[in-house]
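Here the structure comes first, spelled out in structure tokens, and everything after it is commentary.
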Amino acid sequence: MEYKDYYDILGLKKAASQDEIKRAYRKLARKYHPDVSKEDESETKFKEVGEAYEVLKDPEKREAYDQLGSNWQGGQEGFQPPPDWDQNFDFGGGGYTEGNAQDYSSFFEDLFGGDRAAGGRYTHQSGQGRGFQSKGENVRAKIMIDLEDSLNGAQQSVKISSPEINANGQMVSKEKTLSIKIPKGIKEGQSIRLSKQGSPGHGGGEAGDLLIEVAFNTHPLYSINEKDISLNVPVAPWEATLGSTIQVPTPDGKKVDMKVPADSQQGRKLRLKGKGLPGKDAGDFYVVLQVMLPPSSDPKVKEYNEKMRDEIDFNPRSYFF
Amino acid sequence: MNTKVTTIVVGSILEEGPTLNLAELCQHCQTPAEFIISLVDQGVIAPVEGSSTRKWQFHQSALIRTDKALRLRQDLGINLSGIALSLELLDEIDNLKRELNELRHFAQL
């Protein structure tokens with residue numbers, strides 16, 4: 001098994017006081033809380049920090065862990081605790097932790113959990129399960145989808161680690177892969193709800209739900225806001241000034257002729273109603289005009305611009321002074 | 001002949017699902033009604049309709065928010081007004097990020 005340096009995880013020295021441990025834990029718990037942090041690894045880190053605190057906050061467990069650590073040197077591959085490492089301590093029997101034991105590493109499990117947990121939280125529940133019934137917990141997950149997945153509907157597999165109760169009545173974390181259907185028209189931040197795909201219930205209770213939050217991968221062309229889709233469309237200065245008809249690609253992979261009205265300023269938005277994300281309140285498709293200047297290295301461009309400068313009376317900054 | 005069987009799980013968009021009453025929300029989130037009522041009092045979640053608690057109907061997105069509130073309380077020991085403030089600030093960050101992404105996209109050219 002892999003040795004876990006709980007002090008390192010909390011960013012502490014071995015001599016840290018109980019107060020310092022508590023402070024470090026609280027700070028990191030806030031930083032890595034999966035509901036707060038936007039980092040990808042936040043959930044793993046949050047669990048690690050919780051596990052470290054679970055051991056170090058308890059002076060007895062901490063002492064046992066410290067003894068263990070003196071036998072370990074950095075860089076060692078495998079780690080085996082000496083057989084009698086806990087002879088002066090008693091971790092068997094009583095509920096060993098208030099945390100969610102199934103979230104902890106095998107290192108923790110081997111030292112403080114596993115069979116020692118007889119009478120622990122979860123075994124306790126299923127052991128006394130007569131007449132006690134409750135629904136399983138909801139499990140959350142996140143997926144990244146492409147714009148096209150929401151436009152057309154799609155299928156995607158998701159890996160989910162969900163707690164299950166094994167034959168010994170213990171909670172274990174089990175990874176499973178589900179093939180799920182992405183509903184058409186789903187937008188960023190919405191969740192797909194899969195009934196009864198979450199944690200199993202206790203004492204014959206119903207399983208919880210699986211809630212998958214959706215986020216979009218950035219698209220090379222389109223940007224998405226709620227149900228609306230926008231596209232930057234470059235236009236030449238004369239197209240914007242005189243008006244023109246241009247061809248633009250639409251999100252559904254087709255092309256459409258769009259009329260650019262005369263005197264369109266930079267950034268003007270043209271709307272194609274109902275061509276955004278589908279659904280009962282379908283979004284709109286916006287074309288955002290971006291006026292592009294031809295390079296002055298072209299002598300013709302230079303000539304015409306000089307002519308405009310000399311002959312046209314136009315001051316774009318007239319409101320300044 | 002080898003046939004590979006893949007089961008495809010079909011879900012629904014949570015936000016567009018049918019509304020829940022107070023009892024259903026409590027049951028889904030495994031929390032007592034008092035907690036839900038206090039979340040409504042703090043403005044963390046809001047019923048879509050219903051003047052009295054007995055007639056309350058919630059959007060299913062309230063499920064996610066209630067779950068979040070429960071986790072924040074349990075994992076970080078935050079009290080109710082703290083939960084309300086954190087969730088509002090997190091929403092604000094999400095909105096700003098979305099806006100920033102859009103502006104970045106327009107500034108690309």
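We name chains A, B, ... following the order of the structure tokens; residues begin at 1 in each chain, and ligands are numbered from 1 as shown.
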Would you kindly return, as an mmCIF file with N, CA and C atoms, in the first residue's frame, each protein, DNA or RNA residue with an atom no farther than 12 Å from any atom of range 86-100 of chain B, considering only C-alpha atoms and excluding same-chain residues fewer than 2 positions away?
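Written file, part-v1.cif:
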```cif
data_model
loop_
_atom_site.group_PDB
_atom_site.id
_atom_site.type_symbol
_atom_site.label_atom_id
_atom_site.label_comp_id
_atom_site.auth_asym_id
_atom_site.auth_seq_id
_atom_site.Cartn_x
_atom_site.Cartn_y
_atom_site.Cartn_z
ATOM 1 N N ARG A 30 -12.239 24.370 3.128
ATOM 2 C CA ARG A 30 -12.970 25.416 2.398
ATOM 3 C C ARG A 30 -12.428 25.551 0.983
ATOM 4 N N HIS A 33 -13.415 22.261 -1.071
ATOM 5 C CA HIS A 33 -14.772 21.725 -1.029
ATOM 6 C C HIS A 33 -15.341 21.666 -2.451
ATOM 7 N N PRO A 34 -15.842 20.495 -2.851
ATOM 8 C CA PRO A 34 -16.279 20.341 -4.252
ATOM 9 C C PRO A 34 -17.381 21.317 -4.677
ATOM 10 N N ASP A 35 -18.129 21.835 -3.738
ATOM 11 C CA ASP A 35 -19.158 22.802 -4.102
ATOM 12 C C ASP A 35 -18.581 24.204 -4.278
ATOM 13 N N VAL A 36 -17.393 24.412 -3.759
ATOM 14 C CA VAL A 36 -16.803 25.741 -3.791
ATOM 15 C C VAL A 36 -15.695 25.833 -4.833
ATOM 16 N N SER A 37 -14.842 24.813 -4.857
ATOM 17 C CA SER A 37 -13.662 24.851 -5.714
ATOM 18 C C SER A 37 -14.014 24.560 -7.164
ATOM 19 N N LYS A 38 -13.300 25.177 -8.062
ATOM 20 C CA LYS A 38 -13.526 24.920 -9.486
ATOM 21 C C LYS A 38 -12.437 24.000 -10.041
ATOM 22 N N GLU A 188 -25.839 24.744 -20.205
ATOM 23 C CA GLU A 188 -24.788 24.748 -19.196
ATOM 24 C C GLU A 188 -25.378 24.915 -17.797
ATOM 25 N N GLY A 189 -24.902 24.109 -16.858
ATOM 26 C CA GLY A 189 -25.327 24.239 -15.473
ATOM 27 C C GLY A 189 -26.557 23.419 -15.142
ATOM 28 N N ALA A 215 -21.546 20.693 -18.355
ATOM 29 C CA ALA A 215 -20.798 21.879 -18.758
ATOM 30 C C ALA A 215 -20.357 21.680 -20.205
ATOM 31 N N PHE A 216 -20.167 22.791 -20.917
ATOM 32 C CA PHE A 216 -19.807 22.697 -22.330
ATOM 33 C C PHE A 216 -18.303 22.859 -22.544
ATOM 34 N N THR A 218 -15.330 24.359 -24.760
ATOM 35 C CA THR A 218 -15.336 25.566 -25.582
ATOM 36 C C THR A 218 -15.326 25.161 -27.052
ATOM 37 N N SER A 223 -20.027 30.629 -29.373
ATOM 38 C CA SER A 223 -20.046 30.766 -27.921
ATOM 39 C C SER A 223 -21.487 30.604 -27.457
ATOM 40 N N ILE A 224 -21.648 30.080 -26.265
ATOM 41 C CA ILE A 224 -22.978 29.718 -25.787
ATOM 42 C C ILE A 224 -23.279 30.475 -24.507
ATOM 43 N N ASN A 225 -24.446 31.080 -24.450
ATOM 44 C CA ASN A 225 -24.885 31.735 -23.231
ATOM 45 C C ASN A 225 -26.323 31.314 -22.978
ATOM 46 N N GLU A 226 -26.519 30.563 -21.889
ATOM 47 C CA GLU A 226 -27.825 29.965 -21.632
ATOM 48 C C GLU A 226 -28.253 29.185 -22.878
ATOM 49 N N LEU B 39 -34.300 27.377 4.712
ATOM 50 C CA LEU B 39 -33.633 27.762 3.458
ATOM 51 C C LEU B 39 -34.502 28.746 2.672
ATOM 52 N N GLN B 42 -34.317 32.128 4.236
ATOM 53 C CA GLN B 42 -33.063 32.823 3.929
ATOM 54 C C GLN B 42 -32.987 33.219 2.459
ATOM 55 N N GLY B 43 -33.951 32.735 1.674
ATOM 56 C CA GLY B 43 -33.924 33.050 0.243
ATOM 57 C C GLY B 43 -32.948 32.190 -0.548
ATOM 58 N N VAL B 44 -32.501 31.075 0.036
ATOM 59 C CA VAL B 44 -31.581 30.196 -0.683
ATOM 60 C C VAL B 44 -32.319 29.461 -1.792
ATOM 61 N N ILE B 45 -33.526 28.987 -1.471
ATOM 62 C CA ILE B 45 -34.390 28.409 -2.489
ATOM 63 C C ILE B 45 -35.740 29.109 -2.381
ATOM 64 N N ILE B 64 -30.809 20.384 -6.000
ATOM 65 C CA ILE B 64 -29.365 20.549 -6.061
ATOM 66 C C ILE B 64 -28.903 21.578 -5.047
ATOM 67 N N ARG B 65 -29.664 22.664 -4.946
ATOM 68 C CA ARG B 65 -29.292 23.728 -4.012
ATOM 69 C C ARG B 65 -29.397 23.252 -2.573
ATOM 70 N N THR B 66 -30.441 22.495 -2.286
ATOM 71 C CA THR B 66 -30.602 21.986 -0.926
ATOM 72 C C THR B 66 -29.469 21.010 -0.587
ATOM 73 N N ASP B 67 -29.138 20.151 -1.545
ATOM 74 C CA ASP B 67 -28.015 19.233 -1.347
ATOM 75 C C ASP B 67 -26.727 19.986 -1.053
ATOM 76 N N LYS B 68 -26.508 21.035 -1.846
ATOM 77 C CA LYS B 68 -25.300 21.839 -1.648
ATOM 78 C C LYS B 68 -25.286 22.453 -0.259
ATOM 79 N N ALA B 69 -26.438 23.011 0.131
ATOM 80 C CA ALA B 69 -26.544 23.649 1.449
ATOM 81 C C ALA B 69 -26.243 22.635 2.550
ATOM 82 N N LEU B 70 -26.776 21.431 2.387
ATOM 83 C CA LEU B 70 -26.555 20.393 3.390
ATOM 84 C C LEU B 70 -25.073 20.037 3.493
ATOM 85 N N ARG B 71 -24.427 19.943 2.345
ATOM 86 C CA ARG B 71 -23.005 19.590 2.353
ATOM 87 C C ARG B 71 -22.165 20.695 2.964
ATOM 88 N N LEU B 72 -22.482 21.938 2.606
ATOM 89 C CA LEU B 72 -21.715 23.050 3.154
ATOM 90 C C LEU B 72 -21.847 23.089 4.675
ATOM 91 N N ARG B 73 -23.053 22.808 5.147
ATOM 92 C CA ARG B 73 -23.280 22.813 6.583
ATOM 93 C C ARG B 73 -22.503 21.676 7.243
ATOM 94 N N LEU B 76 -18.325 21.967 6.196
ATOM 95 C CA LEU B 76 -17.568 23.153 6.584
ATOM 96 C C LEU B 76 -18.140 23.825 7.825
ATOM 97 N N ILE B 78 -20.858 25.574 8.193
ATOM 98 C CA ILE B 78 -21.363 26.925 7.933
ATOM 99 C C ILE B 78 -22.804 27.031 8.411
ATOM 100 N N ASN B 79 -23.157 28.152 9.029
ATOM 101 C CA ASN B 79 -24.546 28.316 9.455
ATOM 102 C C ASN B 79 -25.403 28.837 8.301
ATOM 103 N N LEU B 80 -26.700 28.977 8.573
ATOM 104 C CA LEU B 80 -27.636 29.277 7.481
ATOM 105 C C LEU B 80 -27.329 30.541 6.700
ATOM 106 N N SER B 81 -27.053 31.644 7.423
ATOM 107 C CA SER B 81 -26.803 32.867 6.659
ATOM 108 C C SER B 81 -25.484 32.751 5.905
ATOM 109 N N GLY B 82 -24.544 32.006 6.485
ATOM 110 C CA GLY B 82 -23.282 31.755 5.787
ATOM 111 C C GLY B 82 -23.498 30.955 4.510
ATOM 112 N N ILE B 83 -24.395 29.954 4.611
ATOM 113 C CA ILE B 83 -24.718 29.136 3.437
ATOM 114 C C ILE B 83 -25.326 30.023 2.345
ATOM 115 N N ALA B 84 -26.282 30.862 2.762
ATOM 116 C CA ALA B 84 -26.945 31.740 1.799
ATOM 117 C C ALA B 84 -25.928 32.635 1.102
ATOM 118 N N GLU B 102 -17.712 34.798 -22.689
ATOM 119 C CA GLU B 102 -18.346 35.349 -23.867
ATOM 120 C C GLU B 102 -17.538 36.528 -24.411
ATOM 121 N N LEU B 103 -17.098 37.386 -23.493
ATOM 122 C CA LEU B 103 -16.325 38.545 -23.923
ATOM 123 C C LEU B 103 -15.006 38.117 -24.548
ATOM 124 N N ARG B 104 -14.391 37.107 -23.943
ATOM 125 C CA ARG B 104 -13.139 36.586 -24.498
ATOM 126 C C ARG B 104 -13.357 36.095 -25.918
ATOM 127 N N HIS B 105 -14.509 35.429 -26.106
ATOM 128 C CA HIS B 105 -14.819 34.890 -27.422
ATOM 129 C C HIS B 105 -14.941 36.021 -28.446
ATOM 130 N N PHE B 106 -15.604 37.106 -28.047
ATOM 131 C CA PHE B 106 -15.784 38.210 -28.979
ATOM 132 C C PHE B 106 -14.481 38.952 -29.234
ATOM 133 N N ALA B 107 -13.584 38.882 -28.264
ATOM 134 C CA ALA B 107 -12.327 39.624 -28.395
ATOM 135 C C ALA B 107 -11.288 38.820 -29.170
#
```
Just the helix (DSSP H, G or I) stuff from range 13-47 of chain B, please, per backbone DSSP, written as an MDAnalysis selection string. chainID B and resid 14:16 22:29 33:42
I need the chain A residues near chain B as a short mmCIF file (atom, residue, chain, number, x, y, z; two decimals) with N, CA, C and O atoms, in the first residue's frame; criterion: at most 6 Å, counting only C-alpha atoms.
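Okay, selection.cif is ready:
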```
data_model
loop_
_atom_site.label_atom_id
_atom_site.label_comp_id
_atom_site.auth_asym_id
_atom_site.auth_seq_id
_atom_site.Cartn_x
_atom_site.Cartn_y
_atom_site.Cartn_z
N SER A 179 -23.64 4.43 -19.68
CA SER A 179 -23.85 5.07 -20.96
C SER A 179 -25.11 5.90 -20.82
O SER A 179 -26.18 5.36 -20.58
N ILE A 180 -24.98 7.19 -20.93
CA ILE A 180 -26.17 8.01 -20.72
C ILE A 180 -26.54 8.80 -21.98
O ILE A 180 -25.71 9.07 -22.82
N LYS A 181 -27.79 9.15 -22.04
CA LYS A 181 -28.28 9.93 -23.17
C LYS A 181 -28.30 11.39 -22.77
O LYS A 181 -28.81 11.77 -21.72
N SER A 191 -28.77 19.89 -14.91
CA SER A 191 -28.37 18.56 -14.52
C SER A 191 -29.27 17.52 -15.15
O SER A 191 -30.45 17.74 -15.33
N ILE A 192 -28.66 16.38 -15.47
CA ILE A 192 -29.43 15.25 -15.96
C ILE A 192 -29.71 14.38 -14.73
O ILE A 192 -28.80 14.05 -13.97
N ARG A 193 -30.97 14.07 -14.55
CA ARG A 193 -31.33 13.29 -13.38
C ARG A 193 -31.64 11.86 -13.79
O ARG A 193 -32.51 11.62 -14.60
N LEU A 194 -30.90 10.91 -13.22
CA LEU A 194 -31.14 9.51 -13.49
C LEU A 194 -31.69 8.87 -12.22
O LEU A 194 -30.99 8.73 -11.23
#
```
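Near Met292 in chain A, within 7 Å and counting only C-alpha atoms, sit Pro234, Val235, Ala236, Pro237, Gln290 and Pro294 of chain A; same-chain residues fewer than 2 positions away were not included.
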As a PyMOL selection string, please: the residues near Thr53 in chain B (cut-off 8 Å, only C-alpha atoms, same-chain neighbours under 3 positions excluded). chain B and resi 22+50+56
Please provide as a CSV table (one decimal) with C-alpha atoms, in the first residue's frame all residues within 12 Å of Ala23 in chain B, with the sequence filter that same-chain residues fewer than 2 positions apart are discarded (counting only C-alpha atoms).
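The result, written out as part39.csv:
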```csv
chain,number,residue,atom,x,y,z
B,19,THR,CA,-42.2,20.4,-9.6
B,20,LEU,CA,-41.9,18.9,-6.1
B,21,ASN,CA,-43.9,19.7,-3.0
B,25,LEU,CA,-38.1,17.7,-1.5
B,26,CYS,CA,-37.5,16.6,2.1
B,27,GLN,CA,-37.6,13.0,1.0
B,28,HIS,CA,-35.2,13.4,-1.9
B,29,CYS,CA,-32.7,15.4,0.2
B,30,GLN,CA,-33.2,13.3,3.3
B,31,THR,CA,-33.7,16.4,5.4
B,32,PRO,CA,-36.4,17.6,7.8
B,33,ALA,CA,-39.0,20.1,6.6
B,34,GLU,CA,-37.6,22.6,9.2
B,35,PHE,CA,-34.4,22.9,7.2
B,36,ILE,CA,-36.1,23.4,3.9
B,37,ILE,CA,-38.3,26.1,5.5
B,53,THR,CA,-46.0,25.8,3.2
B,54,ARG,CA,-48.5,23.1,2.5
B,55,LYS,CA,-49.1,24.3,-1.1
B,56,TRP,CA,-45.4,25.0,-1.8
B,57,GLN,CA,-44.1,23.7,-5.2
B,58,PHE,CA,-40.4,23.7,-5.9
```
Quick check for you: according to DSSP on this backbone, which residues of range 14-102 of chain B are classed as strand (DSSP E or B)? Reply as an MDAnalysis selection string. chainID B and resid 20:21 49 57:58
